[in-house]
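Step one of this worksheet: look at the structure below.
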Amino acid sequence: MAPTMRFFKSLFLFLFSISPFSFAHSASPGSSEGYTIYGRVKIPSSGANEFILPGKVSNVKVSLNGGQRVTFLRPDGYFSFHNVPAGTHLIEVAALGYFFSPVRVDVSARNPGKIQAALTETRRGLSEFVLEPLKGEQYYEIREPFSIMSIVKSPMGLMMGFMLIVVFLMPKLMENMDPEEMKRAQEEMRNQGVPSLASLLPGAARSN
Amino acid sequence: MAIRVFLIFLLFLSFTNLISALYEDQVGLMDWHQQYIGKVKHAVFHTQKTGRKRVLVSTEENVVASLDLRHGEIFWRHVLGTNDVVDGLDIALGKYVITLSSDGSILRAWNLPDGQMVWESSLQGSKASKSILNIPKNLRADKDDLILALGKGCLHGVSSIDGEVLWRHDFVGESIEISRIIHSADVILVAGFVGSEFYVYELNAKNGELLKNNHAALPYGTFGELLSVSSDILVVLDNTRSNIVTINLKNGEISYKQKQISDLIKDSSGQAVILSSRLPGMFALKVNSHVLVVKMTNEGELVVVDKINNAAAVSNALSISEDQHAFAFVHHGDNKIHLSVKDVNNWNGDLLKESIVIDHQRGNIDKIFINNYVRTDRSHGFRALMVMEDHSLVLVQQGEIVWSREDGLASVVDVTTSELPVEKEGVSVAKVEQNLFEWLKGHVLKLKGTLMIASAEDVAAIQAMRLRSSEKSKMTRDHNGFRKMLIVLTRAGKVFALHTGDGRVIWSILLPTLRKSEVCEHPVGLNIYQWQVPHHHALDENPSVLVVGRCGPSLAAPAVLSFIDAYTGVEVNSLSHDHTVAQVIPLPYTDSTEQRLHLIIDVNQHAYLYPRTPEALDILKHEFSNVYWYSVESDNGVIRGHALKSNCKAVDEYCFDMRDLWSIVFPSESEKIIAAVARKPNEVVHTQAKVMTDYDVTYKYISKNLLFVANAAPKSSGEIGTATPEEAWLVIYIIDTVTGRILHRMTHHGCQGPVRAVFSENWVVYHYFNLRAHRYEISVVEVYDQSRADNKDVWKFVLGMHNLTSPFSSYSRPEVTTKSQSYFFTHSVKTLEVTSTAKGITSKQVLIGTIGDQVLALDKRFLDPRRTLNPSQAEKEDGIIPLTDSLPIISQSYITHSLKVEGLRGIVTVPAKLESTSLVFAYGVDLFFTQIAPSRTYDSLTEDFSYALLLLTIVALIAAIFVTWVLSERKDLQEKWK
């Protein structure tokens with residue numbers, strides 16, 4: 001685990017060093033108690049998820065540090081946490097139907113008001129504090145719509161396909177056979193009669 | 001030909017296949033979800049002529065909600081954070097709901113129709129103080145309501161349109177305890193005390209400027225709330241609680257008067273309290289069980305207008321017209337509740353007088369809110385919203401209960417289960433089968449559903465039919481053990497029995513022992529246990545449960561015990577004793593009537609045996625040396641193991657002294673206990689050994705006496721964001737609680753709590769925060785027994801040389817090995833639980849209650865220390881999943897599907913009789929119940945299984961046999977004629 005940790009850390013540093021972070025609007029000096037984190041949650045309005053009304057933000061909760069504080073979204077998707085002390089914090093967005101990555105937020109003590117943010121799941125830095133869902137969540141199995149292919153592909157379908165071939169194609173094949181050959185085969189079958197249990201045994205077969 | 005017909009039938013058959021995952025139309029089939037709000041603190045009616053009538057409430061569960069006034073349903077609801085206690089609620093501009101929360105530091109506006117948050121303001125302040133929300137209706141300026149919010153020693157004037165703070169006035173410097181804000185046209189009066197000195201500040205409502213301040217020294221201290229009777233008169237009790245002090249602020253001068261309560265009422269021996277009901281020119285004073293309604297005359301004299309006996313609650317005054325103010329009070333009498341609404345100025349007549357019968361299990365009335373409406377004959381009608389002692393909410397109108405909500409269920413404290421009665425001969429309530437046509441119609445509908453050609457109405461019909469036919473809400477035990485009773489104890493001291501089939505309340509009882517009384521001022525319910533589970537030889541007894549409570553929040557408060565019959569919901573017995581309760585230990589022994597033995601440990605190192613029968617005493621004496629328990633003292637960082645020592649002669653024969661066996665003292669400068677989790681005592685383990693991929697056998701170390709303890713560094717034992725990775729570490733221990741031996745110890749550097757853990761079989765899964773990666777992690781530790789590892793040779797078993805039969809003892813030095821692995825997990829976790837099944841054969845799932853109030857089922861195979869990056873072919877066949885750095889979150893495996901269990905606090909799993917199935921109950925502000933089958937329902941057909949189709953197929957096959965037989969006969973005949 002340890003080497004991977006170190007790797008993440010260096011990755012973070014790398015990300016932070018390459019992307020220009022300037023959250024001019026993201027923090028205000030506030031009072032002596034702490035800083036204010038402003039952010040925005042953007043939910044795509046395309047109806048990819050049929051269970052949740054797109055753009056419905058009234059039931060979205062944003063929590064700081066594992067539920068230490070909970071806030072809600074304004075109609076335009078903005079949220080804020082006031083009096084947050086300097087340090088590294090975690091912001092999570094809980095919205096039914098969407099998967100959000102938690103966000104690591106560094107509130108700098110040295111240059112007041114400087115806030116850096118990065119998604120912890122993808123380890124991607126955010127140049128703008130806009131949180132978007134990584135993916136929609138489908139809570140139900142989707143009933144496969146009725147299609148011929150699904151039936152054909154199922155074991156039952158395959159079995160039936162085979163039987164259909166036997167029933168409809170075999171007679172055709174029989175017809176194409178040489179009549180003499182056919183006769184011989186029929187004769188052979190008649191000679192053998194009803195196959196007995198003994199004839200099925202390997203020993204009996206050899207004696208034949 | 002015949003074969004072709006048969007084939008078509010087969011084609012037809014192949015449409016149906018067994019369903020094992022949840023489809024959207026299966027919602028509500030096996031699960032139910034109930035939404036609650038909790039005990040109402042504030043209620044504001046919104047009954048404009050247009051639009052839906054609603055009542056806005058805020059509750060003790062930090063819920064802000066809008067309820068339908070006609071049916072009591074929730075229009076919208078928001079559950080605020082656990083620290084975000086709502087202090088005030090009101091309506092501004094007629095379209096915004098304003099809430100003040102978090103000790104007066106957060107002011108929010110919610111849109112009235114849909115509950116969307118419109119704005120949020122953070123109010124600054126530095127000193128803890130009372131928080132008051134006040135929206136003066138007469139301070140309107142430019143179509144903007146001014147909101148006065150007091151919090152943290154600061155008074156803010158806030159615009160209600162956008163939440164902008166227009167002005168603020170800081171009272172921190174004055175060190176004043178503000179207790180009342182009075183507003184008149186343009187002036188705001190802020191009254192409060194500094195010690196016994198009374199201060200009044202006069203502020204300009206427009207800009208918050210201080211106009212005047214004045215103070216006067218009262219010669220006595222005060223008690224309780226300062227109540228404003230009119231715009232310039234305040235009343236308060238003095239510190240002896242025997243005098244009423246009237247403070248007059250006329251013309252900026254402070255004058256005060258004092259009147260003895262004994263002058264108002266003869267019998268004034270009890271402690272008096274001024275009720276907080278706001279009544280113009282009046283106030284209500286509670287003495288003993290009476291409420292005195294005291295009027296302030298124009299001359300400033302106090303006159304008792306009415307004395308209400310057995311009063312329960314008094315509402316605020318409601319202005320119904322220009323000069324008419326009505327208020328309501330209720331009092332109890334002869335099993336009824338008498339509601340009276342009176343005009344404040346005209347005491348003689350009643351505006352309304354009604355008697356309502358309310359279920360006495362709801363207890364007394366705690367609060368009452370009234371609202372008026374205009375009847376068709378233009379007279380005033382009133383509706384009253386009452387908050388009951390059991391936290392339920394009742395709306396009364398025209399002498400009847402219009403609706404009621406069991407909101408006590410929003411604060412479940414503890415849960416246990418009980419079996420339903422056995423179905424007896426003759427009492428069967430089996431339904432008469434519907435006629436054949438109905439039956440066929442139903443199956444045609446089902447078929448339509450599976451063919452996806454059903455219309456919306458058909459789908460609804462199918463849903464209803466399924467619910468009807470499933471028999472899941474019957475009141476008897478079923479073969480599969482799906483039907484049970486969930487017995488829940490709520491914070492109000494009420495016990496409910498819920499049916500697992502549909503979640504309805506079977507019975508409820510407001511425990512008399514957990515009601516407020518003279519001897520027990522603040523009773524709290526602690527836990528609920530299965531007291532008697534009759535089976536085998538005591539089947540004619542009813543099962544019963546034990547409720548343990550305490551007479552107050554402190555450990556030193558005396559214990560109260562209550563025994564409830566689980567079938568009838570009647571309190572069989574109750575005991576309130578002098579001893580305290582620190583810990584309750586259900587022992588694994590039962591007496592001849594299947595009553596389980598319990599030990600109650602008090603704070604004075606004594607153990608008390610229950611039930612108090614000689615038989616129980618005999619059983620305990622027999623097992624005297626086998627009783628061990630432990631206690632965790634998180635504050636001192638000590639874990640101690642205890643055993644029984646001897647009878648303590650001083651009390652009685654059911655009391656025992658205890659001795660300390662061992663103790664583990666953690667270094668307080670480097671470790672602090674933040675979590676301790678043990679195995680469930682009733683868990684069943686099926687296999688002792690685990691076969692590895694190389695056909696090697698490892699034995700699980702299965703002991704009931706294992707304890708998982710997580711310790712954090714003292715600096716990082718707080719919230720996330722307070723510690724740096726360098727000063728944070730997490731040390732976990734697995735401890736044997738009989739010997740106090742530490743079996744396993746591991747340190748996670750750079751990690752901190754909160755730690756949530758679940759212990760099952762030989763493994764423990766725990767969730768914590770990794771500060772270095774800044775992500776949550778879940779770790780698994782599995783403990784294996786090394787001492788039995790050499791029992792691999794078959795010959796040893798044949799010759800009897802194995803050591804499997806040697807008694808397993810905690811005292812023998814265990815040789816254990818542990819395996820562990822850690823994974824990242826995306827979400828914060830509120831609670832962890834594991835599925836439990838009847839025989840323990842079915843594989844397990846870890847149930848994760850996430851921060852989004854959903855419950856995720858994660859297969860234990862994801863938490864397997866044997867996972868490697870590239871599993872070999874053999875390992876893959878064994879079901880080992882390739883190692884990934886984070887655990888997958890598959891959205892279909894949320895057992896709460898598209899629902900939320902708002903304010904999730906706990907998850908309880910109960911095994912069904914059917915091995916594959918586990919019953920899951922999640923509780924918080926909402927309740928949710930479902931059945932889950934971690935390895936799919938391998939031992940039963942699903943509910944969807946179409947018996948009709950099966951029958952149809954059999955019939956079709958038989959017909960096909962006959963047809964083909966006839967055809968082949970005919971063919972043979974033709975052959976022969978040739």
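Every chain in the structure tokens takes a letter, A first, then B, and so on in the order presented; its residues are numbered from 1, and the ligands are numbered from 1 following the presented order.
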
Extract the full set of strand (DSSP E or B) residues from region 520-768 of chain B according to DSSP on the backbone, and format it as an NGL selection string. :B and (524-532 or 544-550 or 558-565 or 571-580 or 583-590 or 595-601 or 606-610 or 628-633 or 638-647 or 655-665 or 672-678 or 689-691 or 697-700 or 706-712 or 729-736 or 742-749 or 751-760 or 763-768)

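Proximity to Asp106 (chain A) was assessed for A:Leu164, A:Met177, A:Gly77, A:Ile37 counting only C-alpha atoms; the smallest distance is recorded for A:Ile37.
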
Among listed residues A:Met170, A:Ala94, A:Val62, A:Val103, nearest Phe79 (chain A) (using only C-alpha atoms):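 Closest to Phe79 (chain A) of all the choices is A:Val62.
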
Closest to chain A among B:Tyr695, B:Trp662, B:Phe437, B:Trp76, using only C-alpha atoms?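 Among the listed residues, B:Trp76 lies closest to chain A.
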
Cut-off 6 Å: closest chain A/chain B atom pairs per residue, using only C-alpha atoms, as JSON lines:
```
{"residue": "A:Ser58", "atom": "CA", "partner": "B:Gln116", "partner_atom": "CA", "distance": 4.7}
{"residue": "A:Asn65", "atom": "CA", "partner": "B:Ile720", "partner_atom": "CA", "distance": 5.5}
{"residue": "A:Gly66", "atom": "CA", "partner": "B:Ser828", "partner_atom": "CA", "distance": 5.4}
{"residue": "A:Arg69", "atom": "CA", "partner": "B:Gly81", "partner_atom": "CA", "distance": 5.9}
{"residue": "A:Val70", "atom": "CA", "partner": "B:Gly81", "partner_atom": "CA", "distance": 5.0}
{"residue": "A:Arg74", "atom": "CA", "partner": "B:Met117", "partner_atom": "CA", "distance": 5.4}
{"residue": "A:Gly87", "atom": "CA", "partner": "B:Gly721", "partner_atom": "CA", "distance": 5.7}
{"residue": "A:Thr88", "atom": "CA", "partner": "B:Gly721", "partner_atom": "CA", "distance": 5.1}
{"residue": "A:His89", "atom": "CA", "partner": "B:Gly721", "partner_atom": "CA", "distance": 4.9}
{"residue": "A:Ala94", "atom": "CA", "partner": "B:Gly852", "partner_atom": "CA", "distance": 4.9}
{"residue": "A:Glu137", "atom": "CA", "partner": "B:Ser891", "partner_atom": "CA", "distance": 5.6}
{"residue": "A:Gln138", "atom": "CA", "partner": "B:Ser891", "partner_atom": "CA", "distance": 5.9}
{"residue": "A:Tyr139", "atom": "CA", "partner": "B:Gln892", "partner_atom": "CA", "distance": 4.5}
{"residue": "A:Tyr140", "atom": "CA", "partner": "B:Tyr23", "partner_atom": "CA", "distance": 5.1}
{"residue": "A:Glu141", "atom": "CA", "partner": "B:Tyr23", "partner_atom": "CA", "distance": 5.0}
{"residue": "A:Met156", "atom": "CA", "partner": "B:Ser14", "partner_atom": "CA", "distance": 5.8}
```

Could you dump the residues just selected with C-alpha atoms as an mmCIF file, in the first residue's frame?
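Contents of selection13.cif, freshly written:
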```cif
data_model
loop_
_atom_site.group_PDB
_atom_site.id
_atom_site.type_symbol
_atom_site.label_atom_id
_atom_site.label_comp_id
_atom_site.auth_asym_id
_atom_site.auth_seq_id
_atom_site.Cartn_x
_atom_site.Cartn_y
_atom_site.Cartn_z
ATOM 1 C CA SER A 58 -33.725 20.657 -4.390
ATOM 2 C CA ASN A 65 -15.895 16.329 6.140
ATOM 3 C CA GLY A 66 -18.189 13.359 6.318
ATOM 4 C CA ARG A 69 -21.774 20.226 8.019
ATOM 5 C CA VAL A 70 -24.500 19.803 5.443
ATOM 6 C CA ARG A 74 -29.459 27.266 -4.500
ATOM 7 C CA GLY A 87 -6.551 22.852 6.276
ATOM 8 C CA THR A 88 -7.465 20.014 3.982
ATOM 9 C CA HIS A 89 -11.112 19.168 3.786
ATOM 10 C CA ALA A 94 -25.149 13.314 -2.437
ATOM 11 C CA GLU A 137 -26.606 5.768 -11.497
ATOM 12 C CA GLN A 138 -29.194 3.248 -12.562
ATOM 13 C CA TYR A 139 -30.704 1.604 -9.525
ATOM 14 C CA TYR A 140 -32.770 -0.973 -11.338
ATOM 15 C CA GLU A 141 -32.018 -3.779 -13.689
ATOM 16 C CA MET A 156 -33.834 -22.424 -25.033
#
```

Ala313 (chain B): which residues within 9 Å, counting only C-alpha atoms, same-chain residues fewer than 5 positions away excluded, as a list in words? Val291, Ala328, Phe329, Val330, His331, Ile365, Asp366, Lys367 and Ile368 of chain B

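Using only C-alpha atoms, the nearest neighbour of Glu225 (chain B) within the list B:Gly192, B:Phe198, B:Ala205, B:Asp306 is B:Gly192.
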
Exercise: Leu69 (chain B) partners within 9 Å, only C-alpha atoms, chain neighbours under 3 positions left out, as an MDAnalysis selection string: chainID B and resid 45 47 52:55 72:73 395 403

Alpha helix (DSSP H) call set, DSSP backbone run, region 49-165 of chain A, as a list in words: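 Selection result, alpha helix (DSSP H) within region 49-165 of chain A: Ile148, Met149, Ser150, Ile151, Val152, Lys153, Pro155, Met156, Gly157, Leu158, Met159, Met160, Gly161, Phe162, Met163 and Leu164 of chain A.
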
If you count only C-alpha atoms, which residues fall within 7 Å of region 168-171 of chain B, apart from same-chain ones fewer than 2 positions away, as a PDB file with C-alpha atoms, in the first residue's frame?
```pdb
ATOM      1  CA  GLY B 153     -24.699  37.622  20.610  1.00  0.00           C
ATOM      2  CA  CYS B 154     -25.493  39.585  17.475  1.00  0.00           C
ATOM      3  CA  LEU B 155     -28.732  40.972  16.183  1.00  0.00           C
ATOM      4  CA  HIS B 156     -29.028  40.969  12.410  1.00  0.00           C
ATOM      5  CA  GLY B 157     -31.495  42.698  10.175  1.00  0.00           C
ATOM      6  CA  GLY B 173     -19.169  43.928  24.248  1.00  0.00           C
ATOM      7  CA  GLU B 174     -22.091  44.495  26.567  1.00  0.00           C
ATOM      8  CA  SER B 175     -22.019  40.882  27.824  1.00  0.00           C
ATOM      9  CA  ILE B 176     -25.770  40.919  27.943  1.00  0.00           C
ATOM     10  CA  GLY B 208     -29.908  48.999  13.361  1.00  0.00           C
TER      11      GLY B 208
END
```

Provide the CA of Ile98 (chain B) to CA of Tyr78 (chain A) distance in Å, to one decimal place. 18.6 Å

In Å, rounded to a single decimal, give me how far CA of Glu61 (chain B) is from CA of Leu927 (chain B).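 If I compute the distance from CA of Leu927 (chain B) to CA of Glu61 (chain B), I get 13.9 Å.
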
Please provide the set of residues having any atom within 9 Å of region 730-736 of chain B, restricted to only C-alpha atoms, with same-chain residues fewer than 4 positions apart removed, written as number ranges by chain. B: 671, 703-713, 716, 740-753, 768, 810

Please, could you write that set of residues out with C-alpha atoms as a PDB file, in the first residue's frame?
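Dumped to result.pdb:
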```
ATOM      1  CA  GLU B 671      -3.850   6.478  21.568  1.00  0.00           C
ATOM      2  CA  SER B 703     -14.423 -17.252  19.023  1.00  0.00           C
ATOM      3  CA  LYS B 704     -17.417 -15.438  20.427  1.00  0.00           C
ATOM      4  CA  ASN B 705     -15.107 -13.461  22.665  1.00  0.00           C
ATOM      5  CA  LEU B 706     -13.327 -11.296  20.174  1.00  0.00           C
ATOM      6  CA  LEU B 707     -13.334  -7.547  20.318  1.00  0.00           C
ATOM      7  CA  PHE B 708     -12.152  -5.129  17.689  1.00  0.00           C
ATOM      8  CA  VAL B 709     -10.808  -1.861  19.037  1.00  0.00           C
ATOM      9  CA  ALA B 710      -9.687   1.110  16.995  1.00  0.00           C
ATOM     10  CA  ASN B 711      -7.539   3.795  18.581  1.00  0.00           C
ATOM     11  CA  ALA B 712      -6.661   7.104  17.024  1.00  0.00           C
ATOM     12  CA  ALA B 713      -3.895   9.499  17.829  1.00  0.00           C
ATOM     13  CA  SER B 716      -6.493  13.247  15.074  1.00  0.00           C
ATOM     14  CA  GLY B 740      -7.349  -9.930  27.583  1.00  0.00           C
ATOM     15  CA  ARG B 741      -4.781 -11.209  25.140  1.00  0.00           C
ATOM     16  CA  ILE B 742      -4.098  -9.053  22.105  1.00  0.00           C
ATOM     17  CA  LEU B 743      -4.321 -11.341  19.097  1.00  0.00           C
ATOM     18  CA  HIS B 744      -3.535  -8.776  16.476  1.00  0.00           C
ATOM     19  CA  ARG B 745      -2.291  -5.226  16.349  1.00  0.00           C
ATOM     20  CA  MET B 746      -1.806  -3.072  13.310  1.00  0.00           C
ATOM     21  CA  THR B 747      -1.039   0.590  12.730  1.00  0.00           C
ATOM     22  CA  HIS B 748      -2.352   2.623   9.838  1.00  0.00           C
ATOM     23  CA  HIS B 749      -0.132   5.673   9.528  1.00  0.00           C
ATOM     24  CA  GLY B 750      -1.629   8.885   8.299  1.00  0.00           C
ATOM     25  CA  CYS B 751      -5.160   7.670   8.932  1.00  0.00           C
ATOM     26  CA  GLN B 752      -7.873   8.878  11.212  1.00  0.00           C
ATOM     27  CA  GLY B 753     -11.423   8.190  12.252  1.00  0.00           C
ATOM     28  CA  TYR B 768     -11.649   4.995   8.147  1.00  0.00           C
ATOM     29  CA  SER B 810      -9.656 -18.991  25.372  1.00  0.00           C
TER      30      SER B 810
END
```
